[in-house]
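Structure, as structure tokens:
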Number of protein chains: 2
Amino acid sequence: MTTTTAARKRVQAKAEYDAFLAQCPSRKLLDRIADKWVTLVLAALRSDGSHRVGADCAGEPRPMRYSELSRLLAGVSQKMLTQTLRSLERDGLITRTVVPTVPVTVTYELTDLGVSLHEVIRGLKGWAETHMDDVLANRATYDAQVA
Amino acid sequence: MTTTTAARKRVQAKAEYDAFLAQCPSRKLLDRIADKWVTLVLAALRSDGSHRVGADCAGEPRPMRYSELSRLLAGVSQKMLTQTLRSLERDGLITRTVVPTVPVTVTYELTDLGVSLHEVIRGLKGWAETHMDDVLANRATYDAQVA
DNA sequence: GGAAGTAGGCACCTGAAGGTGCGTAACGCC
DNA sequence: GGCGTTACGCACCTTCAGGTGCCTACTTCC
């Protein structure tokens, strides 16, 4: 019955570890920003919207309309944009305000929490811009050795 | 033939944006660390391995054996651990050294690049630990309003 | 009067991430 | 002589994030 004991201990350790991960705030954050469009939306709301996303001018976070975001993040589907905005609002990272004009307009804006999150994401961006070339170079030489 | 022109412009804008994303170093980095086990392995290699992962004691990055990592990250499958380690080695974030003892032992160790990446990840961790509770609280009140 | 913009909702579909299980080959322990 | 460890490789299977397409009502532009 007691199947090999050692295996059982491993199963239990795994269960505990999974429970630990489910609680881990860092993991939750990673799941959040790993979402394909989350960081893009955050960056867009932080930019002035004038040009390319990625020109993270750290100016005043400006409220933006749904259609404006849709145009700025040209690659996003309407479904995903809506879904992403909803989830960000849910987490208190952005606010959604409806303006009852004749065709209703909706504006989204970063909250303070959202701005602070964007700050750490810019940290990632900084690392990426200075070190990602090294990574790609390593990757190339590694592949060359294998092939 | 020219189907509604405006739609075509949108399609083209999307194509350009997709191309831009494919080039973006920040996105590549995100794809990298979004990998479920990458951050865990990085953190494990940085810890002293004595206890819970997450106790990110920033001591000397210590080389670790495959089996040691497997035990520390109790939730990881052997397949994923191997896959993750390979990809990290490929990117020059860790080194893999084979010691030809009687059952071969393999040790992994963070490179300088890997350590520097771990630093920015600790930035994420910091934000998560101070702000994630707020996020969860916002989420709860949002859900309460909807229900 | 068709095209376009306003902000989405709903349903279906696919690709890929990640998990599970099995096998190895040589050795140690009890 | 069967269980355990060492560091994986291979094949199958499930799940789901994310994409696509079609729908709404109302208005305005050309």
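Residue names in the structure tokens use chain letters A, B, ... in the order shown, residue numbers from 1 in each chain, and ligand numbers from 1 in the order shown.
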
Using all C-alpha atoms paired in order, least-squares fit chain B onto chain A and give me the moved copy as a CSV table (one decimal) with C-alpha atoms, in the first residue's frame.
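Contents of the output file out26.csv:
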```csv
chain,number,residue,atom,x,y,z
B,1,MET,CA,0.1,-0.1,0.1
B,2,THR,CA,2.8,2.5,1.1
B,3,THR,CA,4.1,2.9,-2.4
B,4,THR,CA,7.9,3.3,-2.0
B,5,THR,CA,7.6,6.0,0.7
B,6,ALA,CA,10.2,8.3,-0.9
B,7,ALA,CA,8.0,8.9,-3.9
B,8,ARG,CA,5.2,9.8,-1.5
B,9,LYS,CA,7.4,12.3,0.3
B,10,ARG,CA,8.2,14.0,-3.0
B,11,VAL,CA,4.5,14.2,-3.9
B,12,GLN,CA,3.8,15.9,-0.6
B,13,ALA,CA,6.7,18.3,-1.0
B,14,LYS,CA,5.3,19.3,-4.4
B,15,ALA,CA,1.9,19.9,-2.9
B,16,GLU,CA,3.3,22.1,-0.3
B,17,TYR,CA,5.4,24.0,-2.8
B,18,ASP,CA,2.5,24.5,-5.1
B,19,ALA,CA,0.5,25.9,-2.1
B,20,PHE,CA,3.4,28.2,-1.4
B,21,LEU,CA,3.5,29.5,-4.9
B,22,ALA,CA,-0.2,30.1,-4.9
B,23,GLN,CA,0.3,32.5,-2.0
B,24,CYS,CA,3.5,34.2,-3.2
B,25,PRO,CA,2.9,37.8,-4.1
B,26,SER,CA,5.8,37.9,-6.5
B,27,ARG,CA,4.3,35.2,-8.5
B,28,LYS,CA,0.9,36.9,-8.6
B,29,LEU,CA,2.7,40.0,-9.9
B,30,LEU,CA,4.5,38.0,-12.5
B,31,ASP,CA,1.3,36.4,-13.7
B,32,ARG,CA,-0.2,39.9,-13.9
B,33,ILE,CA,2.5,41.6,-16.0
B,34,ALA,CA,3.2,38.5,-18.1
B,35,ASP,CA,-0.2,39.2,-19.6
B,36,LYS,CA,0.7,40.2,-23.2
B,37,TRP,CA,-0.9,43.6,-23.3
B,38,VAL,CA,-0.7,44.8,-19.7
B,39,THR,CA,2.7,46.4,-19.9
B,40,LEU,CA,1.9,47.9,-23.3
B,41,VAL,CA,-1.3,49.5,-22.0
B,42,LEU,CA,0.5,50.8,-18.9
B,43,ALA,CA,3.3,52.3,-21.1
B,44,ALA,CA,0.8,53.8,-23.5
B,45,LEU,CA,-1.2,55.5,-20.7
B,46,ARG,CA,2.1,56.9,-19.4
B,47,SER,CA,3.3,58.2,-22.8
B,48,ASP,CA,2.0,61.3,-24.4
B,49,GLY,CA,0.5,59.2,-27.1
B,50,SER,CA,2.1,61.2,-29.9
B,51,HIS,CA,4.3,58.5,-31.3
B,52,ARG,CA,5.7,55.0,-31.0
B,53,VAL,CA,4.9,53.2,-27.8
B,54,GLY,CA,8.2,52.7,-26.1
B,55,ALA,CA,9.0,56.3,-26.0
B,56,ASP,CA,8.3,56.2,-22.3
B,57,CYS,CA,8.4,59.9,-21.7
B,58,ALA,CA,7.6,60.0,-18.0
B,59,GLY,CA,5.4,63.0,-18.2
B,60,GLU,CA,2.0,63.4,-16.6
B,61,PRO,CA,-0.1,60.3,-17.0
B,62,ARG,CA,-2.7,61.5,-19.5
B,63,PRO,CA,-6.2,60.0,-19.7
B,64,MET,CA,-6.9,58.2,-22.9
B,65,ARG,CA,-9.9,57.1,-24.8
B,66,TYR,CA,-10.6,53.5,-25.7
B,67,SER,CA,-10.2,54.2,-29.4
B,68,GLU,CA,-7.1,56.1,-28.8
B,69,LEU,CA,-5.5,53.2,-27.1
B,70,SER,CA,-6.7,50.9,-29.8
B,71,ARG,CA,-5.0,53.0,-32.4
B,72,LEU,CA,-1.8,53.4,-30.4
B,73,LEU,CA,-1.5,49.7,-29.7
B,74,ALA,CA,-2.3,48.8,-33.3
B,75,GLY,CA,-1.7,45.1,-32.7
B,76,VAL,CA,-4.3,44.5,-30.0
B,77,SER,CA,-7.7,43.0,-30.8
B,78,GLN,CA,-10.7,44.8,-29.4
B,79,LYS,CA,-11.5,41.9,-27.2
B,80,MET,CA,-8.1,41.7,-25.6
B,81,LEU,CA,-8.0,45.5,-25.1
B,82,THR,CA,-11.3,45.5,-23.3
B,83,GLN,CA,-10.3,42.4,-21.3
B,84,THR,CA,-7.0,44.0,-20.3
B,85,LEU,CA,-8.5,47.3,-19.4
B,86,ARG,CA,-11.1,45.6,-17.2
B,87,SER,CA,-8.6,43.6,-15.4
B,88,LEU,CA,-6.4,46.6,-14.8
B,89,GLU,CA,-9.4,48.5,-13.5
B,90,ARG,CA,-10.3,45.6,-11.3
B,91,ASP,CA,-6.8,45.7,-9.8
B,92,GLY,CA,-7.0,49.4,-9.2
B,93,LEU,CA,-4.2,50.2,-11.6
B,94,ILE,CA,-6.3,52.3,-13.9
B,95,THR,CA,-9.6,54.2,-13.6
B,96,ARG,CA,-12.4,54.0,-16.1
B,97,THR,CA,-14.7,57.0,-16.6
B,98,VAL,CA,-17.7,57.1,-18.9
B,99,VAL,CA,-18.5,60.4,-20.5
B,100,PRO,CA,-22.1,60.4,-21.8
B,101,THR,CA,-21.6,62.2,-25.0
B,102,VAL,CA,-23.6,61.3,-28.0
B,103,PRO,CA,-21.6,58.2,-28.9
B,104,VAL,CA,-20.5,57.4,-25.3
B,105,THR,CA,-16.8,58.0,-24.8
B,106,VAL,CA,-14.8,56.2,-22.2
B,107,THR,CA,-11.5,57.4,-20.8
B,108,TYR,CA,-8.9,55.4,-18.9
B,109,GLU,CA,-6.2,56.8,-16.7
B,110,LEU,CA,-3.4,55.5,-14.5
B,111,THR,CA,-3.9,55.5,-10.8
B,112,ASP,CA,-1.0,56.2,-8.4
B,113,LEU,CA,-0.7,52.5,-8.0
B,114,GLY,CA,-0.5,52.0,-11.7
B,115,VAL,CA,2.2,54.7,-12.0
B,116,SER,CA,4.3,53.0,-9.3
B,117,LEU,CA,4.0,49.7,-11.1
B,118,HIS,CA,5.0,51.3,-14.3
B,119,GLU,CA,8.1,52.5,-12.6
B,120,VAL,CA,9.3,49.0,-11.8
B,121,ILE,CA,8.5,47.9,-15.3
B,122,ARG,CA,10.7,50.7,-16.6
B,123,GLY,CA,13.4,49.0,-14.5
B,124,LEU,CA,12.9,45.9,-16.6
B,125,LYS,CA,13.0,47.9,-19.7
B,126,GLY,CA,16.3,49.4,-18.7
B,127,TRP,CA,17.8,46.0,-18.1
B,128,ALA,CA,16.4,44.8,-21.4
B,129,GLU,CA,17.9,47.7,-23.4
B,130,THR,CA,21.3,47.4,-21.9
B,131,HIS,CA,21.7,43.6,-21.6
B,132,MET,CA,19.3,42.0,-24.1
B,133,ASP,CA,21.9,42.2,-26.9
B,134,ASP,CA,24.3,40.2,-24.8
B,135,VAL,CA,21.7,37.6,-24.2
B,136,LEU,CA,20.9,37.4,-27.9
B,137,ALA,CA,24.7,37.1,-28.7
B,138,ASN,CA,25.0,34.3,-26.2
B,139,ARG,CA,22.1,32.6,-27.7
B,140,ALA,CA,23.6,32.8,-31.2
B,141,THR,CA,27.0,31.4,-30.1
B,142,TYR,CA,25.3,28.6,-28.2
B,143,ASP,CA,23.2,27.7,-31.2
B,144,ALA,CA,26.3,27.8,-33.4
B,145,GLN,CA,28.1,25.3,-31.1
B,146,VAL,CA,25.2,22.9,-31.2
B,147,ALA,CA,24.7,23.0,-34.9
```

List every residue of chain B that DSSP, applied to the backbone of this structure, places in helix (DSSP H, G or I), and write the result as a compact mmCIF listing (two decimals) with N, CA and C atoms, in the first residue's frame.
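Saved the output as states-v1.txt:
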```txt
# COMPACT_ATOMS: atom_id res chain seq x y z
N ALA B 6 -10.18 52.07 -45.11
CA ALA B 6 -9.84 52.31 -43.70
C ALA B 6 -9.47 51.00 -43.00
N ALA B 7 -10.19 49.96 -43.33
CA ALA B 7 -9.89 48.66 -42.76
C ALA B 7 -8.50 48.20 -43.18
N ARG B 8 -8.16 48.45 -44.42
CA ARG B 8 -6.83 48.07 -44.91
C ARG B 8 -5.74 48.82 -44.16
N LYS B 9 -5.96 50.08 -43.92
CA LYS B 9 -4.97 50.85 -43.18
C LYS B 9 -4.76 50.27 -41.78
N ARG B 10 -5.85 49.83 -41.18
CA ARG B 10 -5.74 49.25 -39.84
C ARG B 10 -4.93 47.95 -39.88
N VAL B 11 -5.19 47.15 -40.89
CA VAL B 11 -4.45 45.90 -41.04
C VAL B 11 -2.95 46.18 -41.17
N GLN B 12 -2.63 47.18 -41.95
CA GLN B 12 -1.22 47.51 -42.17
C GLN B 12 -0.59 48.02 -40.88
N ALA B 13 -1.32 48.87 -40.17
CA ALA B 13 -0.81 49.40 -38.90
C ALA B 13 -0.54 48.27 -37.93
N LYS B 14 -1.42 47.29 -37.92
CA LYS B 14 -1.23 46.15 -37.05
C LYS B 14 0.02 45.37 -37.41
N ALA B 15 0.22 45.18 -38.71
CA ALA B 15 1.40 44.45 -39.17
C ALA B 15 2.67 45.17 -38.73
N GLU B 16 2.68 46.47 -38.91
CA GLU B 16 3.85 47.25 -38.49
C GLU B 16 4.08 47.13 -37.00
N TYR B 17 3.00 47.21 -36.25
CA TYR B 17 3.11 47.14 -34.80
C TYR B 17 3.62 45.78 -34.35
N ASP B 18 3.12 44.74 -34.99
CA ASP B 18 3.59 43.39 -34.67
C ASP B 18 5.09 43.27 -34.93
N ALA B 19 5.52 43.86 -36.05
CA ALA B 19 6.95 43.82 -36.39
C ALA B 19 7.74 44.57 -35.33
N PHE B 20 7.20 45.70 -34.90
CA PHE B 20 7.86 46.48 -33.86
C PHE B 20 8.01 45.66 -32.58
N LEU B 21 6.94 44.97 -32.21
CA LEU B 21 6.98 44.17 -30.98
C LEU B 21 8.00 43.04 -31.09
N ALA B 22 8.08 42.46 -32.27
CA ALA B 22 9.01 41.35 -32.46
C ALA B 22 10.45 41.81 -32.24
N GLN B 23 10.71 43.08 -32.46
CA GLN B 23 12.05 43.63 -32.31
C GLN B 23 12.33 44.14 -30.90
N PRO B 25 13.25 44.81 -27.35
CA PRO B 25 14.00 44.07 -26.35
C PRO B 25 13.23 43.87 -25.04
N SER B 26 12.45 44.85 -24.66
CA SER B 26 11.67 44.72 -23.43
C SER B 26 10.71 43.55 -23.52
N ARG B 27 10.11 43.42 -24.67
CA ARG B 27 9.16 42.32 -24.86
C ARG B 27 9.87 40.98 -24.79
N LYS B 28 11.05 40.92 -25.38
CA LYS B 28 11.81 39.67 -25.33
C LYS B 28 12.14 39.31 -23.89
N LEU B 29 12.51 40.31 -23.13
CA LEU B 29 12.82 40.06 -21.72
C LEU B 29 11.58 39.57 -20.99
N LEU B 30 10.46 40.19 -21.25
CA LEU B 30 9.23 39.77 -20.60
C LEU B 30 8.89 38.33 -20.94
N ASP B 31 9.01 37.99 -22.21
CA ASP B 31 8.75 36.62 -22.61
C ASP B 31 9.66 35.67 -21.85
N ARG B 32 10.89 36.12 -21.64
CA ARG B 32 11.86 35.29 -20.94
C ARG B 32 11.46 35.04 -19.49
N ILE B 33 11.22 36.12 -18.76
CA ILE B 33 10.96 35.93 -17.33
C ILE B 33 9.52 35.53 -17.04
N ALA B 34 8.67 35.61 -18.05
CA ALA B 34 7.30 35.15 -17.85
C ALA B 34 7.28 33.63 -17.76
N VAL B 38 11.64 30.22 -14.64
CA VAL B 38 12.86 31.00 -14.81
C VAL B 38 13.21 31.81 -13.56
N THR B 39 12.26 32.59 -13.07
CA THR B 39 12.55 33.42 -11.91
C THR B 39 12.83 32.57 -10.68
N LEU B 40 12.13 31.45 -10.57
CA LEU B 40 12.34 30.58 -9.43
C LEU B 40 13.75 30.00 -9.43
N VAL B 41 14.20 29.57 -10.60
CA VAL B 41 15.54 29.01 -10.69
C VAL B 41 16.58 30.08 -10.37
N LEU B 42 16.39 31.26 -10.93
CA LEU B 42 17.31 32.37 -10.67
C LEU B 42 17.39 32.65 -9.17
N ALA B 43 16.24 32.71 -8.55
CA ALA B 43 16.20 33.00 -7.11
C ALA B 43 16.85 31.87 -6.32
N ALA B 44 16.61 30.65 -6.75
CA ALA B 44 17.18 29.50 -6.05
C ALA B 44 18.70 29.52 -6.12
N LEU B 45 19.21 29.80 -7.29
CA LEU B 45 20.66 29.83 -7.45
C LEU B 45 21.29 30.97 -6.66
N ARG B 46 20.49 31.96 -6.34
CA ARG B 46 21.01 33.09 -5.59
C ARG B 46 20.91 32.86 -4.09
N TYR B 66 21.82 19.63 -10.07
CA TYR B 66 20.50 19.45 -10.66
C TYR B 66 19.51 18.93 -9.62
N SER B 67 19.92 17.89 -8.93
CA SER B 67 19.02 17.27 -7.95
C SER B 67 18.71 18.21 -6.79
N GLU B 68 19.68 19.06 -6.49
CA GLU B 68 19.49 20.01 -5.40
C GLU B 68 18.40 21.02 -5.79
N LEU B 69 18.49 21.51 -7.01
CA LEU B 69 17.47 22.43 -7.51
C LEU B 69 16.11 21.73 -7.53
N SER B 70 16.13 20.50 -7.98
CA SER B 70 14.90 19.75 -8.09
C SER B 70 14.21 19.62 -6.73
N ARG B 71 15.02 19.46 -5.69
CA ARG B 71 14.46 19.33 -4.36
C ARG B 71 13.98 20.67 -3.82
N LEU B 72 14.76 21.71 -4.13
CA LEU B 72 14.43 23.05 -3.64
C LEU B 72 13.14 23.55 -4.28
N GLN B 78 10.74 17.27 -13.83
CA GLN B 78 12.11 17.12 -14.31
C GLN B 78 12.26 17.69 -15.70
N LYS B 79 11.28 17.44 -16.50
CA LYS B 79 11.33 17.97 -17.87
C LYS B 79 11.48 19.48 -17.88
N MET B 80 10.63 20.16 -17.12
CA MET B 80 10.65 21.61 -17.14
C MET B 80 11.93 22.16 -16.53
N LEU B 81 12.44 21.49 -15.50
CA LEU B 81 13.68 21.95 -14.91
C LEU B 81 14.82 21.88 -15.93
N THR B 82 14.92 20.74 -16.58
CA THR B 82 15.95 20.60 -17.61
C THR B 82 15.78 21.66 -18.70
N GLN B 83 14.58 21.80 -19.18
CA GLN B 83 14.29 22.75 -20.26
C GLN B 83 14.65 24.18 -19.83
N THR B 84 14.26 24.52 -18.61
CA THR B 84 14.52 25.87 -18.12
C THR B 84 16.02 26.12 -17.99
N LEU B 85 16.72 25.14 -17.41
CA LEU B 85 18.16 25.29 -17.23
C LEU B 85 18.87 25.43 -18.58
N ARG B 86 18.46 24.63 -19.54
CA ARG B 86 19.06 24.71 -20.87
C ARG B 86 18.89 26.10 -21.47
N SER B 87 17.67 26.60 -21.37
CA SER B 87 17.39 27.91 -22.00
C SER B 87 18.17 29.02 -21.28
N LEU B 88 18.32 28.88 -19.97
CA LEU B 88 19.08 29.89 -19.23
C LEU B 88 20.56 29.82 -19.60
N GLU B 89 21.04 28.59 -19.79
CA GLU B 89 22.43 28.44 -20.20
C GLU B 89 22.62 29.04 -21.59
N ARG B 90 21.68 28.75 -22.46
CA ARG B 90 21.72 29.27 -23.82
C ARG B 90 21.83 30.78 -23.84
N ASP B 112 27.52 36.54 -14.21
CA ASP B 112 27.33 37.94 -13.80
C ASP B 112 26.06 38.50 -14.41
N LEU B 113 25.82 38.11 -15.65
CA LEU B 113 24.61 38.55 -16.33
C LEU B 113 23.37 38.05 -15.59
N GLY B 114 23.43 36.81 -15.20
CA GLY B 114 22.32 36.23 -14.45
C GLY B 114 22.08 36.93 -13.13
N VAL B 115 23.17 37.27 -12.45
CA VAL B 115 23.04 37.99 -11.19
C VAL B 115 22.39 39.35 -11.42
N SER B 116 22.83 40.04 -12.48
CA SER B 116 22.28 41.38 -12.73
C SER B 116 20.79 41.29 -13.07
N LEU B 117 20.41 40.22 -13.77
CA LEU B 117 18.98 40.06 -14.07
C LEU B 117 18.21 39.80 -12.77
N HIS B 118 18.81 39.01 -11.93
CA HIS B 118 18.13 38.72 -10.67
C HIS B 118 17.90 40.00 -9.86
N GLU B 119 18.84 40.95 -9.99
CA GLU B 119 18.67 42.21 -9.27
C GLU B 119 17.37 42.90 -9.67
N VAL B 120 17.12 42.99 -10.97
CA VAL B 120 15.91 43.70 -11.40
C VAL B 120 14.67 42.91 -11.01
N ILE B 121 14.82 41.59 -10.99
CA ILE B 121 13.68 40.77 -10.57
C ILE B 121 13.37 41.02 -9.10
N ARG B 122 14.42 41.25 -8.33
CA ARG B 122 14.18 41.58 -6.93
C ARG B 122 13.43 42.90 -6.81
N GLY B 123 13.63 43.77 -7.80
CA GLY B 123 12.85 45.01 -7.83
C GLY B 123 11.36 44.69 -7.95
N LEU B 124 11.05 43.78 -8.82
CA LEU B 124 9.66 43.33 -8.98
C LEU B 124 9.14 42.77 -7.66
N LYS B 125 9.98 41.94 -7.07
CA LYS B 125 9.58 41.31 -5.83
C LYS B 125 9.27 42.36 -4.76
N GLY B 126 10.09 43.39 -4.72
CA GLY B 126 9.87 44.46 -3.76
C GLY B 126 8.50 45.11 -3.96
N TRP B 127 8.20 45.44 -5.20
CA TRP B 127 6.91 46.06 -5.49
C TRP B 127 5.78 45.12 -5.08
N ALA B 128 5.93 43.86 -5.44
CA ALA B 128 4.89 42.87 -5.14
C ALA B 128 4.62 42.81 -3.64
N GLU B 129 5.69 42.81 -2.87
CA GLU B 129 5.51 42.64 -1.43
C GLU B 129 4.89 43.87 -0.77
N THR B 130 5.14 45.04 -1.33
CA THR B 130 4.58 46.24 -0.70
C THR B 130 3.22 46.61 -1.27
N HIS B 131 2.95 46.26 -2.52
CA HIS B 131 1.72 46.75 -3.14
C HIS B 131 0.70 45.68 -3.51
N MET B 132 1.13 44.42 -3.48
CA MET B 132 0.21 43.39 -3.98
C MET B 132 -1.03 43.25 -3.11
N ASP B 133 -0.88 43.54 -1.83
CA ASP B 133 -2.05 43.50 -0.95
C ASP B 133 -3.09 44.53 -1.38
N ASP B 134 -2.61 45.72 -1.76
CA ASP B 134 -3.52 46.75 -2.25
C ASP B 134 -4.27 46.25 -3.47
N VAL B 135 -3.52 45.65 -4.38
CA VAL B 135 -4.12 45.15 -5.61
C VAL B 135 -5.22 44.14 -5.28
N LEU B 136 -4.90 43.22 -4.39
CA LEU B 136 -5.88 42.19 -4.04
C LEU B 136 -7.11 42.80 -3.36
N ALA B 137 -6.86 43.84 -2.55
CA ALA B 137 -7.98 44.52 -1.90
C ALA B 137 -8.86 45.19 -2.95
N ASN B 138 -8.25 45.89 -3.89
CA ASN B 138 -9.01 46.52 -4.97
C ASN B 138 -9.83 45.49 -5.71
N ARG B 139 -9.19 44.37 -5.97
CA ARG B 139 -9.85 43.31 -6.71
C ARG B 139 -11.09 42.83 -5.96
N ALA B 140 -10.94 42.68 -4.65
CA ALA B 140 -12.05 42.20 -3.83
C ALA B 140 -13.23 43.18 -3.86
N THR B 141 -12.93 44.47 -3.67
CA THR B 141 -14.02 45.45 -3.65
C THR B 141 -14.67 45.54 -5.03
N TYR B 142 -13.87 45.45 -6.07
CA TYR B 142 -14.42 45.48 -7.43
C TYR B 142 -15.39 44.32 -7.63
N ASP B 143 -14.95 43.14 -7.23
CA ASP B 143 -15.81 41.96 -7.39
C ASP B 143 -17.08 42.09 -6.56
N ALA B 144 -16.94 42.69 -5.39
CA ALA B 144 -18.11 42.85 -4.52
C ALA B 144 -19.14 43.77 -5.18
N GLN B 145 -18.65 44.82 -5.83
CA GLN B 145 -19.57 45.76 -6.49
C GLN B 145 -20.31 45.10 -7.64
N VAL B 146 -19.62 44.28 -8.38
CA VAL B 146 -20.23 43.61 -9.52
C VAL B 146 -21.28 42.61 -9.04
```

Next item on the list: Identify all residues of range 56-110 of chain A in strand (DSSP E) (DSSP on the backbone) and supply them as an NGL selection string.
Entry: :A and (64-65 or 94-99 or 105-110)

Next item on the list: For chain D, list the residues within 12 Å of chain B, counting only C-alpha atoms (C1' of nucleotides), and write the list as an MDAnalysis selection string.
Entry: chainID D and resid 5:10

Preceding selection exported with C-alpha atoms (C1' of nucleotides) as a PDB file, in the first residue's frame:
```
ATOM      1  C1'  DT D   5      19.914   8.357  -6.650  1.00  0.00           C
ATOM      2  C1'  DT D   6      22.151  10.922 -10.891  1.00  0.00           C
ATOM      3  C1'  DA D   7      20.638  13.761 -14.997  1.00  0.00           C
ATOM      4  C1'  DC D   8      18.254  13.724 -18.229  1.00  0.00           C
ATOM      5  C1'  DG D   9      15.334  12.213 -23.261  1.00  0.00           C
ATOM      6  C1'  DC D  10      10.976  11.200 -25.566  1.00  0.00           C
TER       7       DC D  10
END
```

Per-residue nearest contacts chain C to chain B, cut-off 10 Å, using only C-alpha atoms (C1' of nucleotides), as a Markdown table:
```
| residue | atom | partner | partner_atom | distance |
| --- | --- | --- | --- | --- |
| C:DA3 | C1' | B:Thr4 | CA | 7.3 |
| C:DA4 | C1' | B:Ala6 | CA | 8.1 |
| C:DA17 | C1' | B:Asp35 | CA | 8.9 |
| C:DG18 | C1' | B:Met80 | CA | 7.6 |
| C:DG19 | C1' | B:Ser77 | CA | 7.4 |
| C:DT20 | C1' | B:Ser77 | CA | 9.0 |
| C:DA25 | C1' | B:Pro103 | CA | 9.4 |
| C:DA26 | C1' | B:Pro103 | CA | 7.1 |
| C:DC27 | C1' | B:Pro103 | CA | 7.4 |
```

Atoms kept (N, CA and C atoms (P, O5', C5', C4', C3', O3' and C1' of nucleotides)) for selection, written as a CSV table (one decimal), in the first residue's frame:
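That gives us selection-v2.csv:
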```csv
chain,number,residue,atom,x,y,z
C,3,DA,P,-20.0,50.2,-47.8
C,3,DA,O5',-19.1,51.3,-47.2
C,3,DA,C5',-18.6,52.5,-47.9
C,3,DA,C4',-17.8,53.3,-46.9
C,3,DA,C3',-17.0,52.5,-45.9
C,3,DA,O3',-15.7,53.1,-45.6
C,3,DA,C1',-18.5,54.0,-44.8
C,4,DA,P,-14.7,52.4,-44.5
C,4,DA,O5',-14.9,53.4,-43.3
C,4,DA,C5',-14.8,54.8,-43.5
C,4,DA,C4',-15.0,55.5,-42.1
C,4,DA,C3',-14.4,54.7,-41.0
C,4,DA,O3',-13.7,55.6,-40.1
C,4,DA,C1',-16.7,55.2,-40.5
C,17,DA,P,5.7,27.8,-26.2
C,17,DA,O5',5.5,28.0,-24.7
C,17,DA,C5',4.4,28.8,-24.2
C,17,DA,C4',3.8,28.2,-23.0
C,17,DA,C3',4.8,27.6,-22.0
C,17,DA,O3',4.5,27.9,-20.7
C,17,DA,C1',3.2,26.0,-22.6
C,18,DG,P,5.6,27.7,-19.5
C,18,DG,O5',5.0,26.4,-18.8
C,18,DG,C5',3.7,26.3,-18.4
C,18,DG,C4',3.3,24.9,-18.3
C,18,DG,C3',4.3,24.0,-17.4
C,18,DG,O3',3.6,23.5,-16.4
C,18,DG,C1',3.5,22.9,-19.4
C,19,DG,P,4.3,22.7,-15.2
C,19,DG,O5',3.6,21.3,-15.1
C,19,DG,C5',2.1,21.3,-15.1
C,19,DG,C4',1.6,19.9,-15.4
C,19,DG,C3',2.3,18.8,-14.6
C,19,DG,O3',1.4,17.9,-14.1
C,19,DG,C1',2.4,18.3,-17.0
C,20,DT,P,1.9,16.8,-13.1
C,20,DT,O5',1.9,15.5,-14.0
C,20,DT,C5',0.8,15.3,-14.9
C,20,DT,C4',0.8,13.9,-15.5
C,20,DT,C3',1.6,12.9,-14.6
C,20,DT,O3',0.9,11.7,-14.6
C,20,DT,C1',2.6,13.1,-16.7
C,25,DA,P,20.9,1.5,-21.5
C,25,DA,O5',22.4,1.8,-20.9
C,25,DA,C5',22.8,3.1,-20.6
C,25,DA,C4',23.6,3.0,-19.3
C,25,DA,C3',23.9,1.6,-18.8
C,25,DA,O3',25.2,1.6,-18.3
C,25,DA,C1',22.8,2.8,-17.1
C,26,DA,P,26.0,0.3,-17.9
C,26,DA,O5',27.1,0.7,-16.9
C,26,DA,C5',27.4,2.2,-16.7
C,26,DA,C4',27.3,2.5,-15.2
C,26,DA,C3',27.7,1.3,-14.3
C,26,DA,O3',28.7,1.7,-13.4
C,26,DA,C1',25.7,2.3,-13.5
C,27,DC,P,29.5,0.6,-12.5
C,27,DC,O5',29.0,1.0,-11.1
C,27,DC,C5',29.2,2.3,-10.5
C,27,DC,C4',28.3,2.5,-9.4
C,27,DC,C3',28.4,1.5,-8.3
C,27,DC,O3',29.0,2.2,-7.2
C,27,DC,C1',26.1,2.1,-8.8
```

Item checked: Straight-line distance linking C1' of DC22 in chain C with C1' of DC12 in chain D, stated in Å to one decimal ->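 Separation of C1' of DC22 in chain C and C1' of DC12 in chain D: 11.1 Å.
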